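Have a look at entry.csv; it's CSV, C-alpha atoms:
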chain,number,residue,atom,x,y,z
A,1,MET,CA,-21.7,24.1,-28.3
A,2,THR,CA,-23.3,24.1,-24.8
A,3,GLN,CA,-21.5,23.7,-21.5
A,4,TYR,CA,-22.9,20.2,-21.3
A,5,ASP,CA,-21.4,19.3,-24.7
A,6,MET,CA,-18.1,20.7,-23.5
A,7,LYS,CA,-18.2,18.5,-20.4
A,8,GLY,CA,-18.8,15.6,-22.7
A,9,VAL,CA,-15.7,16.5,-24.7
A,10,GLU,CA,-13.6,16.4,-21.6
A,11,GLU,CA,-15.1,13.1,-20.4
A,12,ILE,CA,-14.2,11.2,-23.5
A,13,GLY,CA,-10.6,12.4,-23.2
A,14,LEU,CA,-10.5,15.2,-25.9
A,15,LEU,CA,-8.6,18.4,-25.3
A,16,LYS,CA,-10.8,21.4,-24.7
A,17,MET,CA,-9.4,24.8,-25.5
A,18,ASP,CA,-10.8,28.3,-25.1
A,19,PHE,CA,-9.7,31.0,-27.5
A,20,LEU,CA,-10.1,34.6,-26.3
A,21,GLY,CA,-10.3,37.5,-28.7
A,22,LEU,CA,-8.4,40.3,-27.0
A,23,SER,CA,-8.5,43.8,-28.5
A,24,THR,CA,-5.3,44.5,-26.6
A,25,LEU,CA,-3.4,42.3,-29.1
A,26,THR,CA,-4.7,44.6,-31.9
A,27,LEU,CA,-3.6,47.6,-29.8
A,28,ILE,CA,-0.1,46.2,-29.5
A,29,ASP,CA,0.1,45.4,-33.2
A,30,ARG,CA,-1.2,48.8,-34.3
A,31,CYS,CA,1.3,50.5,-32.0
A,32,VAL,CA,4.5,48.6,-33.1
A,33,LYS,CA,3.5,49.1,-36.8
A,34,MET,CA,3.1,52.8,-36.3
A,35,ILE,CA,6.5,53.0,-34.5
A,36,GLU,CA,8.2,51.3,-37.4
A,37,ALA,CA,6.4,53.3,-40.1
A,38,GLN,CA,7.3,56.6,-38.6
A,39,THR,CA,10.7,55.9,-37.0
A,40,GLY,CA,12.0,52.8,-38.8
A,41,GLU,CA,12.5,51.1,-35.4
A,42,LYS,CA,11.3,47.6,-35.2
A,43,VAL,CA,9.9,46.6,-31.8
A,44,ASP,CA,9.1,42.9,-31.3
A,45,PRO,CA,6.9,42.6,-28.2
A,46,SER,CA,7.5,38.8,-28.1
A,47,THR,CA,11.2,39.3,-27.4
A,48,LEU,CA,11.1,42.0,-24.7
A,49,GLN,CA,13.3,41.5,-21.7
A,50,ASP,CA,11.7,41.6,-18.3
A,51,GLY,CA,12.9,44.3,-15.9
A,52,ASP,CA,12.6,47.4,-17.9
A,53,PRO,CA,12.9,50.3,-15.4
A,54,ARG,CA,10.5,52.6,-17.1
A,55,THR,CA,7.8,49.9,-17.4
A,56,TYR,CA,8.0,49.0,-13.7
A,57,GLU,CA,8.1,52.7,-12.7
A,58,LEU,CA,4.8,53.0,-14.6
A,59,PHE,CA,3.3,50.0,-12.8
A,60,ALA,CA,4.5,51.1,-9.4
A,61,SER,CA,3.0,54.6,-9.9
A,62,GLY,CA,-0.4,53.1,-10.9
A,63,ARG,CA,-0.4,54.9,-14.2
A,64,THR,CA,-2.0,51.9,-16.0
A,65,ASN,CA,-4.9,53.3,-17.9
A,66,GLY,CA,-5.0,51.3,-21.2
A,67,VAL,CA,-2.8,48.5,-19.7
A,68,PHE,CA,-4.3,45.1,-20.0
A,69,GLN,CA,-5.8,43.7,-16.8
A,70,PHE,CA,-4.4,46.6,-14.6
A,71,GLU,CA,-6.8,49.5,-15.3
A,72,SER,CA,-9.2,49.3,-12.4
A,73,ASP,CA,-8.9,51.7,-9.5
A,74,GLY,CA,-8.4,48.8,-7.1
A,75,MET,CA,-5.7,47.3,-9.2
A,76,LYS,CA,-3.9,50.7,-9.4
A,77,ASP,CA,-4.0,51.0,-5.6
A,78,GLN,CA,-2.6,47.4,-5.3
A,79,LEU,CA,0.3,48.3,-7.7
A,80,ARG,CA,1.2,51.5,-5.8
A,81,ARG,CA,1.3,49.6,-2.5
A,82,PHE,CA,3.1,46.5,-3.8
A,83,LYS,CA,5.7,48.1,-6.1
A,84,PRO,CA,6.2,45.2,-8.6
A,85,ASP,CA,9.6,44.9,-10.2
A,86,ARG,CA,9.3,41.6,-12.1
A,87,LEU,CA,6.9,39.5,-14.2
A,88,GLU,CA,6.3,37.1,-11.4
A,89,HIS,CA,4.9,39.9,-9.3
A,90,LEU,CA,2.5,40.9,-12.1
A,91,THR,CA,1.5,37.3,-12.5
A,92,ALA,CA,0.7,37.0,-8.7
A,93,LEU,CA,-1.1,40.4,-8.5
A,94,ASN,CA,-3.3,39.4,-11.5
A,95,ALA,CA,-4.2,36.1,-9.9
A,96,LEU,CA,-4.9,37.7,-6.5
A,97,TYR,CA,-7.2,40.5,-7.7
A,98,ARG,CA,-10.3,38.4,-7.9
A,99,PRO,CA,-13.3,38.0,-5.6
A,100,GLY,CA,-12.0,35.1,-3.5
A,101,PRO,CA,-8.2,35.8,-3.1
A,102,MET,CA,-8.6,39.6,-2.6
A,103,GLN,CA,-8.7,38.9,1.1
A,104,MET,CA,-5.1,37.9,0.9
A,105,ILE,CA,-3.8,41.0,-0.8
A,106,ASP,CA,-3.0,43.0,2.3
A,107,ASP,CA,-1.0,40.1,3.8
A,108,PHE,CA,0.7,39.5,0.5
A,109,ILE,CA,1.9,43.2,0.3
A,110,LYS,CA,3.1,43.2,3.9
A,111,ARG,CA,5.1,40.0,3.3
A,112,ARG,CA,6.6,41.5,0.2
A,113,HIS,CA,7.9,44.5,2.2
A,114,GLY,CA,9.0,42.5,5.2
A,115,GLN,CA,6.3,43.9,7.5
A,116,THR,CA,5.0,40.4,8.2
A,117,LYS,CA,7.2,37.3,8.8
A,118,ILE,CA,7.0,34.6,6.2
A,119,THR,CA,6.4,31.1,7.7
A,120,TYR,CA,6.0,27.7,6.1
A,121,GLU,CA,3.9,24.8,7.3
A,122,HIS,CA,6.5,22.3,6.0
A,123,PRO,CA,10.2,22.8,4.8
A,124,ALA,CA,9.2,21.7,1.3
A,125,PHE,CA,6.9,24.6,1.0
A,126,GLU,CA,9.7,27.2,0.9
A,127,THR,CA,10.7,26.1,-2.6
A,128,ILE,CA,7.1,25.9,-3.8
A,129,LEU,CA,5.6,29.0,-2.1
A,130,GLY,CA,8.8,31.2,-2.0
A,131,GLU,CA,7.9,33.3,-5.0
A,132,THR,CA,4.5,34.1,-3.4
A,133,TYR,CA,5.8,34.9,0.1
A,134,GLY,CA,4.4,31.7,1.6
A,135,ILE,CA,0.9,32.2,0.4
A,136,MET,CA,-0.9,29.7,-1.9
A,137,VAL,CA,-1.8,31.7,-5.0
A,138,TYR,CA,-1.9,29.2,-7.9
A,139,GLN,CA,-3.5,25.8,-8.5
A,140,GLU,CA,-0.1,24.5,-9.7
A,141,GLN,CA,1.3,25.2,-6.2
A,142,VAL,CA,-1.3,22.9,-4.7
A,143,MET,CA,-0.3,20.2,-7.2
A,144,GLN,CA,3.4,20.6,-6.2
A,145,ILE,CA,2.5,20.4,-2.5
A,146,ALA,CA,0.4,17.2,-3.0
A,147,SER,CA,3.3,15.7,-4.8
A,148,ALA,CA,6.0,16.8,-2.4
A,149,ILE,CA,4.4,15.8,0.9
A,150,ALA,CA,1.6,13.4,0.0
A,151,GLY,CA,3.4,11.4,-2.7
A,152,PHE,CA,0.8,12.2,-5.4
A,153,THR,CA,2.0,11.8,-9.0
A,154,MET,CA,1.4,14.9,-11.0
A,155,GLY,CA,-1.5,13.1,-12.8
A,156,GLU,CA,-3.1,12.4,-9.4
A,157,ALA,CA,-2.4,16.0,-8.3
A,158,ASP,CA,-4.2,17.2,-11.4
A,159,ILE,CA,-7.3,15.2,-10.4
A,160,LEU,CA,-7.1,17.1,-7.1
A,161,ARG,CA,-6.8,20.4,-8.9
A,162,LYS,CA,-9.9,19.6,-11.0
A,163,ALA,CA,-11.9,18.5,-8.0
A,164,MET,CA,-11.0,21.8,-6.3
A,165,GLY,CA,-11.8,23.9,-9.3
A,166,LYS,CA,-15.2,22.2,-9.8
A,167,LYS,CA,-15.9,22.0,-6.0
A,168,LYS,CA,-16.9,18.4,-6.2
A,169,ALA,CA,-17.5,17.5,-2.5
A,170,ASP,CA,-17.6,13.7,-3.0
A,171,VAL,CA,-14.3,13.8,-5.0
A,172,MET,CA,-12.7,16.2,-2.5
A,173,ALA,CA,-13.6,13.8,0.4
A,174,ALA,CA,-11.8,10.9,-1.3
A,175,GLN,CA,-8.9,13.2,-2.1
A,176,LYS,CA,-8.6,14.3,1.5
A,177,GLU,CA,-8.3,10.7,2.7
A,178,LYS,CA,-5.6,10.0,0.1
A,179,PHE,CA,-3.8,13.2,0.9
A,180,VAL,CA,-3.6,12.6,4.7
A,181,SER,CA,-2.6,9.0,4.4
A,182,GLY,CA,0.1,10.0,1.8
A,183,CYS,CA,1.4,12.6,4.2
A,184,VAL,CA,1.5,10.2,7.1
A,185,ALA,CA,3.5,7.8,4.9
A,186,ASN,CA,5.9,10.6,4.3
A,187,LYS,CA,6.3,11.2,8.1
A,188,VAL,CA,4.1,14.2,8.2
A,189,PRO,CA,1.9,14.0,11.4
A,190,ALA,CA,-1.8,13.4,10.6
A,191,LYS,CA,-2.8,16.5,12.6
A,192,LYS,CA,-0.5,18.7,10.5
A,193,ALA,CA,-1.6,17.0,7.3
A,194,GLU,CA,-5.2,17.9,8.1
A,195,LYS,CA,-4.3,21.5,8.9
A,196,ILE,CA,-2.5,21.7,5.5
A,197,TRP,CA,-5.5,20.1,3.8
A,198,ASP,CA,-7.8,22.7,5.5
A,199,ASN,CA,-5.6,25.5,4.0
A,200,ILE,CA,-5.8,23.8,0.6
A,201,GLU,CA,-9.6,23.5,0.8
A,202,MET,CA,-10.0,27.1,1.7
A,203,PHE,CA,-7.7,28.0,-1.2
A,204,ALA,CA,-9.9,25.8,-3.5
A,205,GLY,CA,-12.6,28.5,-3.3
A,206,TYR,CA,-10.4,30.9,-5.3
A,207,GLY,CA,-7.4,29.0,-6.7
A,208,PHE,CA,-6.2,30.4,-10.0
A,209,ASN,CA,-4.2,28.8,-12.8
A,210,LYS,CA,-0.7,30.3,-12.9
A,211,SER,CA,-0.2,29.6,-16.6
A,212,HIS,CA,-3.3,31.6,-17.4
A,213,SER,CA,-2.2,34.5,-15.1
A,214,ALA,CA,1.3,34.5,-16.5
A,215,ALA,CA,0.1,34.8,-20.0
A,216,TYR,CA,-2.1,37.7,-19.0
A,217,ALA,CA,0.8,39.3,-17.1
A,218,TRP,CA,3.0,39.0,-20.2
A,219,VAL,CA,0.5,40.8,-22.3
A,220,ALA,CA,0.1,43.5,-19.6
A,221,TYR,CA,3.9,43.9,-19.5
A,222,GLN,CA,4.1,44.3,-23.3
A,223,THR,CA,1.3,46.9,-23.2
A,224,ALA,CA,2.9,48.8,-20.3
A,225,TYR,CA,6.4,48.7,-22.0
A,226,LEU,CA,5.0,50.4,-25.1
A,227,LYS,CA,3.2,53.0,-23.0
A,228,ALA,CA,6.3,53.7,-20.9
A,229,ASN,CA,8.8,53.8,-23.8
A,230,TYR,CA,6.7,55.0,-26.7
A,231,PRO,CA,4.0,57.0,-25.0
A,232,ALA,CA,2.8,59.1,-28.0
A,233,PHE,CA,2.5,56.0,-30.3
A,234,PHE,CA,0.8,54.1,-27.5
A,235,VAL,CA,-1.7,56.8,-26.8
A,236,ALA,CA,-2.4,57.4,-30.5
A,237,SER,CA,-3.1,53.6,-30.9
A,238,LEU,CA,-5.2,53.5,-27.8
A,239,LEU,CA,-7.3,56.5,-28.8
A,240,THR,CA,-7.9,54.9,-32.2
A,241,MET,CA,-9.1,51.7,-30.6
A,242,GLU,CA,-11.5,53.6,-28.3
A,243,LYS,CA,-12.6,56.4,-30.7
A,244,ALA,CA,-16.2,55.2,-30.7
A,245,ASN,CA,-16.4,55.4,-26.9
A,246,ALA,CA,-16.7,59.1,-26.0
A,247,ASP,CA,-16.2,58.6,-22.2
A,248,LYS,CA,-13.0,56.6,-22.6
A,249,LEU,CA,-11.7,59.0,-25.3
A,250,VAL,CA,-12.0,61.9,-22.9
A,251,ALA,CA,-10.4,59.9,-20.0
A,252,TYR,CA,-7.4,58.8,-22.2
A,253,MET,CA,-6.9,62.2,-23.6
A,254,ALA,CA,-6.8,63.7,-20.1
A,255,GLU,CA,-4.2,61.1,-19.1
A,256,ALA,CA,-2.2,61.9,-22.2
A,257,LYS,CA,-1.8,65.4,-20.9
A,258,ASP,CA,-0.7,64.0,-17.5
A,259,LEU,CA,2.0,62.1,-19.4
A,260,GLY,CA,3.2,65.3,-20.8
A,261,LEU,CA,1.8,64.7,-24.3
A,262,THR,CA,0.1,67.3,-26.4
A,263,VAL,CA,-3.1,66.3,-28.1
A,264,LEU,CA,-3.4,68.5,-31.2
A,265,PRO,CA,-6.9,69.4,-32.4
A,266,PRO,CA,-8.4,67.9,-35.6
A,267,ASN,CA,-7.2,69.6,-38.8
A,268,VAL,CA,-8.6,69.1,-42.2
A,269,ASN,CA,-5.1,69.3,-43.7
A,270,ARG,CA,-3.1,67.5,-41.1
A,271,SER,CA,-5.4,64.8,-39.5
A,272,LEU,CA,-5.7,61.3,-40.9
A,273,VAL,CA,-8.6,58.9,-40.5
A,274,ASP,CA,-7.1,57.6,-37.2
A,275,PHE,CA,-5.1,59.2,-34.4
A,276,THR,CA,-1.5,59.7,-35.4
A,277,VAL,CA,1.8,61.0,-34.0
A,278,GLU,CA,3.0,64.3,-35.3
A,279,GLU,CA,6.4,65.7,-34.1
A,280,GLY,CA,6.0,64.0,-30.7
A,281,ALA,CA,2.4,65.1,-30.3
A,282,VAL,CA,-0.8,63.1,-30.9
A,283,ARG,CA,-3.0,64.5,-33.7
A,284,PHE,CA,-6.8,64.0,-33.3
A,285,ALA,CA,-8.4,61.7,-35.8
A,286,LEU,CA,-10.9,62.9,-38.4
A,287,SER,CA,-13.1,59.9,-37.9
A,288,ALA,CA,-13.3,60.6,-34.1
A,289,VAL,CA,-14.9,64.0,-34.8
A,290,LYS,CA,-18.6,63.8,-33.8
A,291,ASN,CA,-20.9,63.0,-36.8
A,292,VAL,CA,-18.0,62.7,-39.3
A,293,GLY,CA,-17.4,58.9,-39.3
A,294,GLU,CA,-15.0,56.6,-41.2
A,295,GLY,CA,-16.4,57.1,-44.7
A,296,ALA,CA,-16.4,60.9,-44.6
A,297,ALA,CA,-12.9,60.9,-43.0
A,298,GLU,CA,-11.5,58.6,-45.7
A,299,SER,CA,-13.0,60.8,-48.4
A,300,VAL,CA,-11.4,63.9,-47.0
A,301,VAL,CA,-8.0,62.2,-46.8
A,302,ALA,CA,-8.4,60.8,-50.4
A,303,ALA,CA,-9.3,64.2,-51.8
A,304,ARG,CA,-6.4,65.8,-50.0
A,305,ASN,CA,-4.0,63.2,-51.3
A,306,GLN,CA,-5.2,63.6,-54.9
A,307,ASP,CA,-5.7,67.4,-55.1
A,308,GLY,CA,-3.4,68.8,-52.4
A,309,PRO,CA,-4.3,70.7,-49.1
A,310,PHE,CA,-7.7,72.3,-48.8

Structure rendered as structure tokens:
Amino acid sequence: MTQYDMKGVEEIGLLKMDFLGLSTLTLIDRCVKMIEAQTGEKVDPSTLQDGDPRTYELFASGRTNGVFQFESDGMKDQLRRFKPDRLEHLTALNALYRPGPMQMIDDFIKRRHGQTKITYEHPAFETILGETYGIMVYQEQVMQIASAIAGFTMGEADILRKAMGKKKADVMAAQKEKFVSGCVANKVPAKKAEKIWDNIEMFAGYGFNKSHSAAYAWVAYQTAYLKANYPAFFVASLLTMEKANADKLVAYMAEAKDLGLTVLPPNVNRSLVDFTVEEGAVRFALSAVKNVGEGAAESVVAARNQDGPF
């Protein structure tokens, strides 16, 4: 289906949904199954509680190789400076680390640590923008602002959100008139209403959807939780996922050593097809040995299981 077909789907009132295939979900699933198989402990990522100290220590130190959405050098630097300690922080950092809003990151970090005073254009904004230190980060916040000071219904505010996202100048012009007149009706001076609108319009260039960012942050938290609390199992799962990528394999093995883990060499009598955990260490996979491959590795393991060690 082309992008034009998709627009048509929306125009006739049907719900359009995008489904993303994330290898991180496979990584999480592989990790928790390995933990249960070897230790008997059942870890359900969907029921994790926010606030795990080890997990946020990992985020704050920037040791996020293999952690969904937080692997880049720039993101690691942002984490070290910001020191997140809750899911709302991860959600905001994920939304901000994009081409448009990146300009706000320094101010965001300073406000977080009390180095810059947090101010609000209107008393209603404290409730709406409090969690993001007075900075507009999400499209949902714009909808709440339009509702709180301009009298928009949430349906009308959603029209504004869509106009912003698609940068439709004609629709935005009409929305501005409606916004300013709504503010005036709610005893907000026209000059202040226009200033708030200018901020919203600037934000429109990079506004991100909070529900999207929150879902990504939750997957990132699950990934980091497993890395922080079950490092050997996480690394074994991660190396298995990346075994065809030599560069990533080398990088992740180096970090494993930084985490205090031992990566044992391949052994014809100890290694399995994939990377495994062996007495707290990670055993190299037979299938990751250059020029061996899955089929040969499976044959070696099958022969060993049938006839005993070589």

Open item on the list: Just the number, please: distance in Å from atom CA of A:Thr64 to atom CA of A:Lys210, one decimal.
Closed with: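 Result for atom CA of A:Thr64 versus atom CA of A:Lys210: 21.9 Å, one decimal.
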
Open item on the list: Residues within 10 Å of A:Pro231, please, as a list in words. Count all atoms listed in the file; anything in the same chain fewer than 3 positions from it doesn't count.
Closed with: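 Close residues of A:Pro231: Cys31, Ala224, Tyr225, Leu226, Lys227, Ala228, Phe234, Val235, Ala236, Ser237, Ala256, Leu259, Gly260, Leu261, Gly280, Ala281 and Val282 of chain A.
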
Neighbours of stretch 271-275 of chain A within 10 Å (all atoms listed in the file; same-chain residues fewer than 4 positions away dropped), as a compact mmCIF listing (two decimals) with C-alpha atoms, in the coordinates of the input?
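The resulting file, around_4.txt, is reproduced below:
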# COMPACT_ATOMS: atom_id res chain seq x y z
CA PHE A 233 2.50 56.00 -30.30
CA VAL A 235 -1.70 56.80 -26.80
CA ALA A 236 -2.40 57.40 -30.50
CA SER A 237 -3.10 53.60 -30.90
CA LEU A 238 -5.20 53.50 -27.80
CA LEU A 239 -7.30 56.50 -28.80
CA THR A 240 -7.90 54.90 -32.20
CA MET A 241 -9.10 51.70 -30.60
CA LYS A 243 -12.60 56.40 -30.70
CA VAL A 263 -3.10 66.30 -28.10
CA LEU A 264 -3.40 68.50 -31.20
CA PRO A 265 -6.90 69.40 -32.40
CA PRO A 266 -8.40 67.90 -35.60
CA ASN A 267 -7.20 69.60 -38.80
CA VAL A 282 -0.80 63.10 -30.90
CA ARG A 283 -3.00 64.50 -33.70
CA PHE A 284 -6.80 64.00 -33.30
CA ALA A 285 -8.40 61.70 -35.80
CA LEU A 286 -10.90 62.90 -38.40
CA SER A 287 -13.10 59.90 -37.90
CA ALA A 288 -13.30 60.60 -34.10
CA VAL A 289 -14.90 64.00 -34.80
CA GLY A 293 -17.40 58.90 -39.30
CA GLU A 294 -15.00 56.60 -41.20
CA GLY A 295 -16.40 57.10 -44.70
CA ALA A 296 -16.40 60.90 -44.60
CA ALA A 297 -12.90 60.90 -43.00
CA GLU A 298 -11.50 58.60 -45.70
CA SER A 299 -13.00 60.80 -48.40
CA VAL A 300 -11.40 63.90 -47.00
CA VAL A 301 -8.00 62.20 -46.80
CA ALA A 302 -8.40 60.80 -50.40

Task: For atom CA of A:Ala193 and atom CA of A:Leu160, the interatomic separation in Å (one decimal) - done: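 For atom CA of A:Ala193 relative to atom CA of A:Leu160, the distance reads 15.4 Å.
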
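Our summary of the geometry notes that atom CA of A:Tyr97 is positioned 7.1 Å from atom CA of A:Met75.
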
Since fewer atoms than expected are present, regenerate N, CA and C atoms for stretch 60-82 of chain A and write them as a short mmCIF file (atom, residue, chain, number, x, y, z; two decimals), in the frame of the given file.
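Saved to part-v1.cif:
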data_model
loop_
_atom_site.label_atom_id
_atom_site.label_comp_id
_atom_site.auth_asym_id
_atom_site.auth_seq_id
_atom_site.Cartn_x
_atom_site.Cartn_y
_atom_site.Cartn_z
N ALA A 60 4.44 50.77 -10.80
CA ALA A 60 4.50 51.10 -9.40
C ALA A 60 3.79 52.45 -9.09
N SER A 61 3.67 53.32 -10.10
CA SER A 61 3.00 54.60 -9.90
C SER A 61 1.47 54.46 -10.16
N GLY A 62 1.04 53.29 -10.66
CA GLY A 62 -0.40 53.10 -10.90
C GLY A 62 -0.90 53.80 -12.14
N ARG A 63 0.00 54.24 -13.03
CA ARG A 63 -0.40 54.90 -14.20
C ARG A 63 -0.73 53.93 -15.35
N THR A 64 -1.75 53.10 -15.10
CA THR A 64 -2.00 51.90 -16.00
C THR A 64 -3.26 52.01 -16.77
N ASN A 65 -3.77 53.20 -17.01
CA ASN A 65 -4.90 53.30 -17.90
C ASN A 65 -4.48 52.75 -19.29
N GLY A 66 -5.29 51.89 -19.85
CA GLY A 66 -5.00 51.30 -21.20
C GLY A 66 -4.09 50.07 -21.07
N VAL A 67 -3.62 49.72 -19.87
CA VAL A 67 -2.80 48.50 -19.70
C VAL A 67 -3.63 47.34 -19.36
N PHE A 68 -3.52 46.30 -20.13
CA PHE A 68 -4.30 45.10 -20.00
C PHE A 68 -4.38 44.55 -18.60
N GLN A 69 -5.61 44.36 -18.06
CA GLN A 69 -5.80 43.70 -16.80
C GLN A 69 -5.49 44.62 -15.56
N PHE A 70 -4.87 45.78 -15.78
CA PHE A 70 -4.40 46.60 -14.60
C PHE A 70 -5.00 47.99 -14.64
N GLU A 71 -6.20 48.15 -15.20
CA GLU A 71 -6.80 49.50 -15.30
C GLU A 71 -7.68 49.91 -14.19
N SER A 72 -8.23 48.96 -13.43
CA SER A 72 -9.20 49.30 -12.40
C SER A 72 -8.57 50.13 -11.28
N ASP A 73 -9.38 50.92 -10.57
CA ASP A 73 -8.90 51.70 -9.50
C ASP A 73 -8.28 50.83 -8.37
N GLY A 74 -8.95 49.71 -8.10
CA GLY A 74 -8.40 48.80 -7.10
C GLY A 74 -7.10 48.20 -7.44
N MET A 75 -6.95 47.85 -8.71
CA MET A 75 -5.70 47.30 -9.20
C MET A 75 -4.58 48.34 -9.12
N LYS A 76 -4.90 49.57 -9.47
CA LYS A 76 -3.90 50.70 -9.40
C LYS A 76 -3.42 50.86 -7.97
N ASP A 77 -4.35 50.82 -7.02
CA ASP A 77 -4.00 51.00 -5.60
C ASP A 77 -3.08 49.81 -5.18
N GLN A 78 -3.41 48.60 -5.62
CA GLN A 78 -2.60 47.40 -5.30
C GLN A 78 -1.18 47.58 -5.85
N LEU A 79 -1.05 48.09 -7.05
CA LEU A 79 0.30 48.30 -7.70
C LEU A 79 1.09 49.32 -6.91
N ARG A 80 0.45 50.42 -6.52
CA ARG A 80 1.20 51.50 -5.80
C ARG A 80 1.71 50.95 -4.46
N ARG A 81 0.93 50.12 -3.80
CA ARG A 81 1.30 49.60 -2.50
C ARG A 81 2.36 48.47 -2.61
N PHE A 82 2.21 47.65 -3.63
CA PHE A 82 3.10 46.50 -3.80
C PHE A 82 4.44 46.81 -4.39
#
